[in-house]
>>> print(open('start_18.cif').read())   # mmCIF, C-alpha atoms
data_run
loop_
_atom_site.label_atom_id
_atom_site.label_comp_id
_atom_site.auth_asym_id
_atom_site.auth_seq_id
_atom_site.Cartn_x
_atom_site.Cartn_y
_atom_site.Cartn_z
CA MET A 1 -19.65 29.72 17.98
CA SER A 2 -17.70 26.92 19.61
CA HIS A 3 -18.56 23.46 18.44
CA LYS A 4 -19.09 21.04 21.33
CA ILE A 5 -18.26 17.41 20.77
CA SER A 6 -20.95 15.05 22.00
CA GLN A 7 -20.25 12.13 24.30
CA GLN A 8 -21.00 9.70 21.48
CA GLN A 9 -18.43 11.41 19.26
CA LEU A 10 -15.83 11.27 22.02
CA GLU A 11 -16.46 7.57 22.53
CA TYR A 12 -16.22 6.96 18.80
CA LEU A 13 -12.88 8.84 18.60
CA LYS A 14 -11.59 6.83 21.56
CA ARG A 15 -12.55 3.57 19.84
CA VAL A 16 -10.81 4.68 16.64
CA LYS A 17 -7.68 5.62 18.59
CA LYS A 18 -7.68 2.34 20.50
CA ARG A 19 -8.03 0.39 17.27
CA LYS A 20 -5.10 2.25 15.68
CA ILE A 21 -2.95 1.54 18.74
CA LEU A 22 -4.00 -2.13 18.68
CA VAL A 23 -3.21 -2.49 14.96
CA CYS A 24 0.17 -0.76 15.33
CA SER A 25 1.17 -2.77 18.41
CA THR A 26 0.10 -6.03 16.74
CA GLN A 27 2.19 -5.22 13.67
CA ILE A 28 5.24 -4.49 15.83
CA CYS A 29 4.74 -7.66 17.88
CA LEU A 30 4.44 -9.79 14.74
CA LEU A 31 7.66 -8.30 13.37
CA ILE A 32 9.53 -8.87 16.64
CA ALA A 33 8.17 -12.43 16.87
CA PHE A 34 9.33 -13.14 13.31
CA PHE A 35 12.91 -12.09 14.05
CA ILE A 36 12.94 -13.95 17.38
CA LEU A 37 11.69 -17.11 15.67
CA TRP A 38 14.28 -16.66 12.92
CA GLU A 39 17.08 -16.30 15.49
CA VAL A 40 15.92 -19.29 17.55
CA ALA A 41 15.49 -21.45 14.44
CA ALA A 42 19.06 -20.66 13.37
CA GLN A 43 20.51 -21.30 16.83
CA LYS A 44 18.61 -24.60 17.17
CA ASN A 45 19.71 -25.60 13.64
CA TRP A 46 16.11 -25.88 12.47
CA ILE A 47 17.38 -23.90 9.49
CA ASP A 48 20.93 -23.65 8.15
CA PRO A 49 22.30 -20.29 9.40
CA PHE A 50 24.86 -20.32 6.59
CA LEU A 51 22.12 -20.35 3.94
CA PHE A 52 19.42 -18.34 5.75
CA SER A 53 21.64 -16.17 7.98
CA GLN A 54 20.16 -14.95 11.28
CA PRO A 55 19.38 -11.57 12.89
CA SER A 56 22.39 -11.59 15.23
CA ARG A 57 24.80 -12.27 12.34
CA MET A 58 23.12 -9.54 10.27
CA ILE A 59 23.52 -7.06 13.14
CA ALA A 60 27.18 -8.01 13.50
CA ALA A 61 27.73 -7.60 9.74
CA MET A 62 25.95 -4.23 9.81
CA GLY A 63 28.16 -3.07 12.67
CA ASP A 64 31.36 -4.11 10.91
CA MET A 65 30.34 -2.45 7.63
CA ALA A 66 29.11 0.69 9.41
CA LYS A 67 32.47 1.14 11.16
CA THR A 68 34.34 1.12 7.85
CA GLY A 69 31.75 3.37 6.20
CA ILE A 70 31.08 0.91 3.38
CA LEU A 71 27.46 0.39 4.44
CA TRP A 72 26.59 4.11 4.28
CA LYS A 73 28.19 4.34 0.85
CA HIS A 74 26.05 1.51 -0.54
CA ILE A 75 22.87 2.86 1.09
CA GLY A 76 23.56 6.40 -0.11
CA ILE A 77 24.12 5.36 -3.72
CA THR A 78 20.99 3.20 -3.90
CA LEU A 79 18.89 5.89 -2.21
CA TYR A 80 20.18 8.60 -4.55
CA GLU A 81 19.48 6.52 -7.67
CA THR A 82 16.03 5.60 -6.40
CA VAL A 83 15.00 9.14 -5.48
CA VAL A 84 16.21 10.56 -8.80
CA GLY A 85 14.44 7.83 -10.80
CA PHE A 86 11.32 8.23 -8.64
CA VAL A 87 11.17 12.02 -9.06
CA LEU A 88 11.88 11.93 -12.80
CA GLY A 89 9.34 9.16 -13.37
CA THR A 90 6.66 11.09 -11.50
CA ILE A 91 7.37 14.44 -13.18
CA PHE A 92 7.71 13.16 -16.75
CA GLY A 93 4.83 10.72 -16.31
CA THR A 94 2.52 13.50 -15.10
CA LEU A 95 3.61 15.88 -17.88
CA ILE A 96 3.01 13.24 -20.56
CA ALA A 97 -0.41 12.45 -19.01
CA ILE A 98 -1.27 16.17 -19.27
CA LEU A 99 -0.20 16.17 -22.93
CA LEU A 100 -2.34 13.11 -23.69
CA TRP A 101 -5.35 14.65 -21.92
CA TRP A 102 -4.82 17.90 -23.81
CA ASN A 103 -4.56 16.29 -27.25
CA HIS A 104 -7.00 13.43 -27.79
CA PHE A 105 -5.45 12.57 -31.17
CA ILE A 106 -2.06 11.88 -29.59
CA SER A 107 -3.80 9.98 -26.79
CA ASP A 108 -5.66 7.73 -29.22
CA VAL A 109 -2.50 7.08 -31.27
CA THR A 110 -0.33 6.22 -28.24
CA GLU A 111 -2.91 4.21 -26.28
CA PRO A 112 -2.05 0.76 -27.73
CA TYR A 113 1.67 1.44 -27.33
CA LEU A 114 1.18 2.40 -23.68
CA VAL A 115 -0.81 -0.79 -23.08
CA VAL A 116 1.97 -2.89 -24.65
CA LEU A 117 4.70 -1.07 -22.71
CA ASN A 118 2.74 -1.48 -19.49
CA SER A 119 2.44 -5.23 -20.11
CA LEU A 120 6.10 -5.59 -21.08
CA PRO A 121 8.45 -6.38 -18.17
CA LYS A 122 10.45 -3.15 -18.02
CA THR A 123 13.38 -5.00 -16.50
CA ALA A 124 13.79 -6.74 -19.87
CA LEU A 125 14.79 -3.35 -21.29
CA ALA A 126 17.57 -2.89 -18.73
CA PRO A 127 20.32 -4.61 -20.81
CA ILE A 128 19.36 -2.50 -23.84
CA ILE A 129 19.46 0.71 -21.80
CA ILE A 130 22.89 -0.26 -20.47
CA VAL A 131 24.19 -0.82 -24.02
CA TRP A 132 22.82 2.58 -25.08
CA LEU A 133 23.90 4.64 -22.07
CA GLY A 134 26.94 2.71 -20.89
CA ASN A 135 28.03 0.98 -17.73
CA ASN A 136 27.31 3.83 -15.30
CA MET A 137 24.84 5.32 -12.84
CA THR A 138 22.89 7.00 -15.65
CA SER A 139 21.84 3.56 -16.93
CA ILE A 140 20.59 2.57 -13.47
CA ILE A 141 18.54 5.77 -13.10
CA ALA A 142 17.17 5.32 -16.63
CA THR A 143 16.09 1.77 -15.73
CA ALA A 144 14.25 3.09 -12.66
CA LEU A 145 12.67 5.80 -14.83
CA MET A 146 11.49 3.29 -17.44
CA THR A 147 10.06 1.07 -14.71
CA SER A 148 7.84 3.78 -13.22
CA ILE A 149 7.00 6.24 -15.99
CA VAL A 150 4.45 4.16 -17.94
CA VAL A 151 2.48 3.29 -14.80
CA THR A 152 2.47 6.97 -13.84
CA ILE A 153 1.20 8.02 -17.26
CA MET A 154 -1.66 5.51 -17.27
CA THR A 155 -2.64 6.09 -13.63
CA VAL A 156 -2.66 9.89 -13.84
CA LEU A 157 -4.32 9.98 -17.28
CA ASN A 158 -7.04 7.62 -16.06
CA GLY A 159 -7.60 10.00 -13.13
CA PHE A 160 -7.86 12.98 -15.50
CA LEU A 161 -10.46 11.22 -17.65
CA HIS A 162 -12.67 10.37 -14.67
CA ILE A 163 -12.98 13.91 -13.33
CA ASP A 164 -16.60 15.03 -12.89
CA SER A 165 -17.66 16.32 -16.32
CA ASP A 166 -20.16 18.75 -14.76
CA LYS A 167 -17.32 20.74 -13.24
CA ILE A 168 -15.61 20.95 -16.62
CA LYS A 169 -18.84 22.05 -18.32
CA LEU A 170 -19.34 24.73 -15.67
CA ILE A 171 -15.95 26.27 -16.44
CA GLN A 172 -16.62 26.06 -20.18
CA THR A 173 -20.07 27.63 -19.77
CA PHE A 174 -18.48 30.74 -18.29
CA GLY A 175 -16.03 30.93 -21.19
CA GLY A 176 -13.14 29.18 -19.53
CA THR A 177 -10.26 28.02 -21.69
CA LYS A 178 -8.81 24.53 -21.77
CA LYS A 179 -5.84 25.80 -19.77
CA GLN A 180 -8.20 27.06 -17.05
CA VAL A 181 -10.02 23.71 -17.04
CA LEU A 182 -6.66 22.02 -16.52
CA THR A 183 -5.41 24.33 -13.77
CA LYS A 184 -8.72 24.97 -11.95
CA VAL A 185 -10.40 21.55 -12.21
CA ILE A 186 -8.28 18.70 -13.56
CA LEU A 187 -5.04 19.13 -11.61
CA PRO A 188 -6.57 20.02 -8.20
CA ALA A 189 -9.04 17.14 -8.42
CA SER A 190 -6.31 14.72 -9.52
CA VAL A 191 -3.93 15.29 -6.61
CA PRO A 192 -5.16 12.10 -4.81
CA THR A 193 -4.56 10.15 -8.05
CA ILE A 194 -1.05 11.59 -8.37
CA ILE A 195 -0.33 10.68 -4.74
CA SER A 196 -1.52 7.12 -5.46
CA ALA A 197 0.88 7.04 -8.41
CA LEU A 198 3.65 8.17 -6.04
CA LYS A 199 2.92 5.26 -3.71
CA ILE A 200 3.14 2.81 -6.60
CA ASN A 201 6.33 4.43 -7.91
CA VAL A 202 8.20 3.87 -4.66
CA GLY A 203 8.28 0.11 -5.16
CA LEU A 204 8.77 0.32 -8.92
CA SER A 205 11.71 2.71 -8.60
CA PHE A 206 13.45 0.39 -6.16
CA VAL A 207 12.87 -2.53 -8.54
CA GLY A 208 14.38 -0.61 -11.46
CA VAL A 209 17.40 0.52 -9.44
CA ILE A 210 18.14 -2.94 -8.03
CA VAL A 211 17.86 -4.55 -11.47
CA GLY A 212 20.27 -1.94 -12.84
CA GLU A 213 22.67 -2.49 -9.95
CA PHE A 214 22.51 -6.25 -10.48
CA LEU A 215 23.80 -5.72 -14.02
CA VAL A 216 26.30 -2.87 -13.94
CA ALA A 217 26.85 -1.31 -10.51
CA GLN A 218 30.10 -1.28 -8.58
CA ALA A 219 28.32 -0.02 -5.46
CA GLY A 220 24.84 0.05 -3.98
CA LEU A 221 22.66 -2.48 -2.18
CA GLY A 222 21.90 -4.33 -5.42
CA TYR A 223 25.62 -4.74 -6.03
CA LEU A 224 26.05 -5.87 -2.43
CA ILE A 225 23.38 -8.55 -2.91
CA VAL A 226 25.04 -9.91 -6.05
CA TYR A 227 28.58 -9.72 -4.66
CA GLY A 228 27.53 -11.21 -1.32
CA SER A 229 25.86 -14.17 -3.04
CA GLN A 230 28.93 -14.77 -5.22
CA ILE A 231 31.29 -15.00 -2.25
CA PHE A 232 28.67 -16.74 -0.07
CA LYS A 233 28.31 -13.83 2.35
CA LEU A 234 24.61 -14.46 2.94
CA ASP A 235 24.66 -12.08 5.91
CA TRP A 236 25.33 -9.23 3.47
CA VAL A 237 22.57 -10.43 1.15
CA MET A 238 19.88 -10.68 3.84
CA LEU A 239 20.99 -7.41 5.43
CA SER A 240 20.76 -5.63 2.06
CA VAL A 241 17.26 -7.01 1.46
CA LEU A 242 16.17 -5.89 4.93
CA LEU A 243 17.63 -2.41 4.39
CA LEU A 244 15.81 -2.13 1.07
CA ALA A 245 12.54 -2.99 2.81
CA ILE A 246 13.18 -0.35 5.48
CA MET A 247 14.06 2.31 2.90
CA ALA A 248 10.96 1.53 0.84
CA ALA A 249 8.77 1.67 3.96
CA ILE A 250 10.23 5.05 4.97
CA MET A 251 9.68 6.54 1.51
CA TYR A 252 6.13 5.20 1.46
CA GLN A 253 5.39 6.69 4.88
CA LEU A 254 6.76 10.06 3.74
CA ILE A 255 4.26 10.05 0.89
CA VAL A 256 1.47 9.07 3.29
CA PHE A 257 2.53 12.00 5.51
CA LEU A 258 2.36 14.39 2.54
CA GLU A 259 -1.05 13.00 1.64
CA LYS A 260 -2.36 13.64 5.16
CA LYS A 261 -0.94 17.16 5.12
CA PHE A 262 -2.61 17.86 1.78
CA LEU A 263 -5.98 16.47 2.92
CA LYS A 264 -5.76 18.51 6.13
CA TRP A 265 -4.91 21.67 4.17
CA ARG A 266 -7.68 20.96 1.67
CA SER A 267 -10.30 20.51 4.39
#
>>> encode(input="start_18.cif", output="structure tokens")
Amino acid sequence: MSHKISQQQLEYLKRVKKRKILVCSTQICLLIAFFILWEVAAQKNWIDPFLFSQPSRMIAAMGDMAKTGILWKHIGITLYETVVGFVLGTIFGTLIAILLWWNHFISDVTEPYLVVLNSLPKTALAPIIIVWLGNNMTSIIATALMTSIVVTIMTVLNGFLHIDSDKIKLIQTFGGTKKQVLTKVILPASVPTIISALKINVGLSFVGVIVGEFLVAQAGLGYLIVYGSQIFKLDWVMLSVLLLAIMAAIMYQLIVFLEKKFLKWRS
């Protein structure tokens, strides 16, 4: 049987679509207005363009660096370090969360340590990691990993512990093993929680990578920010910050896309 959509449903869908278009267009207009105001303020000397840069100077700097290929090198290195740290943090964090759910004794023993590590600024560990692993890319990736892994563990484990207990009892009633409870109930029901952890990890991974690049890198956007500030190339600094924001937004939207695909497949 074909399902006919009522007129009220069509009107509701139209209103939802119009609202999405309005929100998106407003966001774009606000962004454009911000850059226009920034450019005008710099040209009118309302702000010092040497200290605050301006969009036209950033575009010119981007063009010059793109021609020489330096810009793509810095972007590529930061993106690689971020993606590796992001993936490792998500995988290891989820695996450790599974271990803690599986063994309540280990979970109870490690709980206070996880709370302390979560409260501790992970960036404070960056110099120690660099001393241990050396002045190289491995240290930067390890810093990104340390920044995201604890949050992943606590977020995913909290999701595991709040799964509907009736579903777990149903599996156990029919003689299901703990492994079957994990694979048939816990993991499928926790996919939204894991996706939420992914969204959080995007920002945390970038923070870890940039902190690492501030300290030891010879390339990357973090290095470009530090080097640009040292030689008073504020165009490079502002451009690098803007590129980081764009990269983080793209990674976040990719996760949102995967989430929508999963929800569509699940329904």
>>> closest_residue(input="start_18.cif", among="A:Ser240, A:Val209, A:Ile195, A:Leu30", to="Phe257 (chain A)", atoms="all atoms listed in the file")
A:Ile195
>>> resolve_selection(input="start_18.cif", expression="the PyMOL selection byres ((chain A and resi 77) around 10)", output="PyMOL selection string")
chain A and resi 72-76+78-82+137+217+219-221
>>> residues_near_point(input="start_18.cif", point="(9.7, -3.8, -5.0)", cutoff="12 Å", atoms="all atoms listed in the file", output="JSON, numbers by chain")
{"A": [82, 144, 147, 148, 199, 200, 201, 202, 203, 204, 205, 206, 207, 208, 209, 210, 211, 241, 244, 245, 246, 247, 248, 249, 252]}
>>> residues_around(input="start_18.cif", residues="Val116 (chain A)", least_positions_apart="5", cutoff="12 Å", atoms="all atoms listed in the file", output="ChimeraX atom specification")
/A:110-111,121-122,150-151,154
>>> atom_distance(input="start_18.cif", atom1="CA of Arg57 (chain A)", atom2="CA of Lys44 (chain A)")
14.6 Å
>>> atom_distance(input="start_18.cif", atom1="CA of Ile140 (chain A)", atom2="CA of Phe92 (chain A)")
17.0 Å
>>> residues_near_point(input="start_18.cif", point="(17.2, -20.5, 15.0)", cutoff="12 Å", atoms="all atoms listed in the file", output="PyMOL selection string")
chain A and resi 34-50+52-57
>>> residues_around(input="start_18.cif", residues="Leu239 (chain A)", least_positions_apart="6", cutoff="9 Å", atoms="only C-alpha atoms", output="ChimeraX atom specification")
/A:55,58-59,61-62,225
>>> atom_distance(input="start_18.cif", atom1="CA of Gln230 (chain A)", atom2="CA of Leu51 (chain A)")
12.7 Å
>>> resolve_selection(input="start_18.cif", expression="the PyMOL selection byres ((chain A and resi 158) around 12)", output="short mmCIF file (atom, residue, chain, number, x, y, z; two decimals) with C-alpha atoms, in the frame of the given file")
data_model
loop_
_atom_site.label_atom_id
_atom_site.label_comp_id
_atom_site.auth_asym_id
_atom_site.auth_seq_id
_atom_site.Cartn_x
_atom_site.Cartn_y
_atom_site.Cartn_z
CA THR A 94 2.52 13.50 -15.10
CA ALA A 97 -0.41 12.45 -19.01
CA ILE A 98 -1.27 16.17 -19.27
CA LEU A 100 -2.34 13.11 -23.69
CA TRP A 101 -5.35 14.65 -21.92
CA SER A 107 -3.80 9.98 -26.79
CA GLU A 111 -2.91 4.21 -26.28
CA VAL A 151 2.48 3.29 -14.80
CA THR A 152 2.47 6.97 -13.84
CA ILE A 153 1.20 8.02 -17.26
CA MET A 154 -1.66 5.51 -17.27
CA THR A 155 -2.64 6.09 -13.63
CA VAL A 156 -2.66 9.89 -13.84
CA LEU A 157 -4.32 9.98 -17.28
CA GLY A 159 -7.60 10.00 -13.13
CA PHE A 160 -7.86 12.98 -15.50
CA LEU A 161 -10.46 11.22 -17.65
CA HIS A 162 -12.67 10.37 -14.67
CA ILE A 163 -12.98 13.91 -13.33
CA ILE A 186 -8.28 18.70 -13.56
CA SER A 190 -6.31 14.72 -9.52
CA THR A 193 -4.56 10.15 -8.05
CA ILE A 194 -1.05 11.59 -8.37
CA SER A 196 -1.52 7.12 -5.46
CA ALA A 197 0.88 7.04 -8.41
#
>>> axis_aligned_box(input="start_18.cif", around="region 155-166 of chain A", padding_each_side="6 Å", output="JSON")
{"center_x": -11.4, "center_y": 12.4, "center_z": -15.3, "size_x": 29.5, "size_y": 24.7, "size_z": 16.8}
>>> residues_around(input="start_18.cif", residues="Lys169 (chain A)", least_positions_apart="4", cutoff="12 Å", atoms="only C-alpha atoms", output="list in words")
Ile163, Asp164, Ser165, Thr173, Phe174, Gly175, Gly176, Thr177, Lys178, Gln180, Val181 and Val185 of chain A
>>> closest_residue(input="start_18.cif", among="A:Val115, A:Met251, A:Ile130, A:Ile171", to="Val83 (chain A)", atoms="only C-alpha atoms")
A:Met251
>>> resolve_selection(input="start_18.cif", expression="the PyMOL selection byres ((chain A and resi 129) around 10)", output="ChimeraX atom specification")
/A:123-128,130-135,138-140,142-143,146,212
>>> build_atoms(input="start_18.cif", residues="region 114-125 of chain A", atoms="N, CA, C and O atoms", output="tab-separated table (two decimals), keeping the file's coordinate frame")
chain	number	residue	atom	x	y	z
A	114	LEU	N	1.09	2.33	-25.14
A	114	LEU	CA	1.18	2.40	-23.68
A	114	LEU	C	0.74	1.09	-23.05
A	114	LEU	O	1.33	0.62	-22.07
A	115	VAL	N	-0.32	0.49	-23.60
A	115	VAL	CA	-0.81	-0.79	-23.08
A	115	VAL	C	0.26	-1.86	-23.23
A	115	VAL	O	0.51	-2.66	-22.31
A	116	VAL	N	0.92	-1.89	-24.40
A	116	VAL	CA	1.97	-2.89	-24.65
A	116	VAL	C	3.16	-2.66	-23.72
A	116	VAL	O	3.69	-3.59	-23.11
A	117	LEU	N	3.57	-1.38	-23.58
A	117	LEU	CA	4.70	-1.07	-22.71
A	117	LEU	C	4.39	-1.38	-21.25
A	117	LEU	O	5.26	-1.82	-20.50
A	118	ASN	N	3.14	-1.17	-20.86
A	118	ASN	CA	2.74	-1.48	-19.49
A	118	ASN	C	2.77	-2.98	-19.23
A	118	ASN	O	3.09	-3.43	-18.12
A	119	SER	N	2.44	-3.77	-20.25
A	119	SER	CA	2.44	-5.23	-20.11
A	119	SER	C	3.85	-5.81	-20.20
A	119	SER	O	4.12	-6.87	-19.63
A	120	LEU	N	4.73	-5.10	-20.90
A	120	LEU	CA	6.10	-5.59	-21.08
A	120	LEU	C	6.89	-5.46	-19.78
A	120	LEU	O	6.87	-4.41	-19.15
A	121	PRO	N	7.58	-6.52	-19.35
A	121	PRO	CA	8.45	-6.38	-18.17
A	121	PRO	C	9.56	-5.37	-18.45
A	121	PRO	O	10.42	-5.60	-19.30
A	122	LYS	N	9.49	-4.23	-17.76
A	122	LYS	CA	10.45	-3.15	-18.02
A	122	LYS	C	11.89	-3.57	-17.72
A	122	LYS	O	12.83	-3.03	-18.29
A	123	THR	N	12.03	-4.53	-16.82
A	123	THR	CA	13.38	-5.00	-16.50
A	123	THR	C	14.05	-5.67	-17.70
A	123	THR	O	15.27	-5.76	-17.76
A	124	ALA	N	13.22	-6.14	-18.67
A	124	ALA	CA	13.79	-6.74	-19.87
A	124	ALA	C	14.50	-5.70	-20.73
A	124	ALA	O	15.35	-6.05	-21.56
A	125	LEU	N	14.14	-4.42	-20.52
A	125	LEU	CA	14.79	-3.35	-21.29
A	125	LEU	C	16.10	-2.90	-20.67
A	125	LEU	O	16.85	-2.16	-21.30
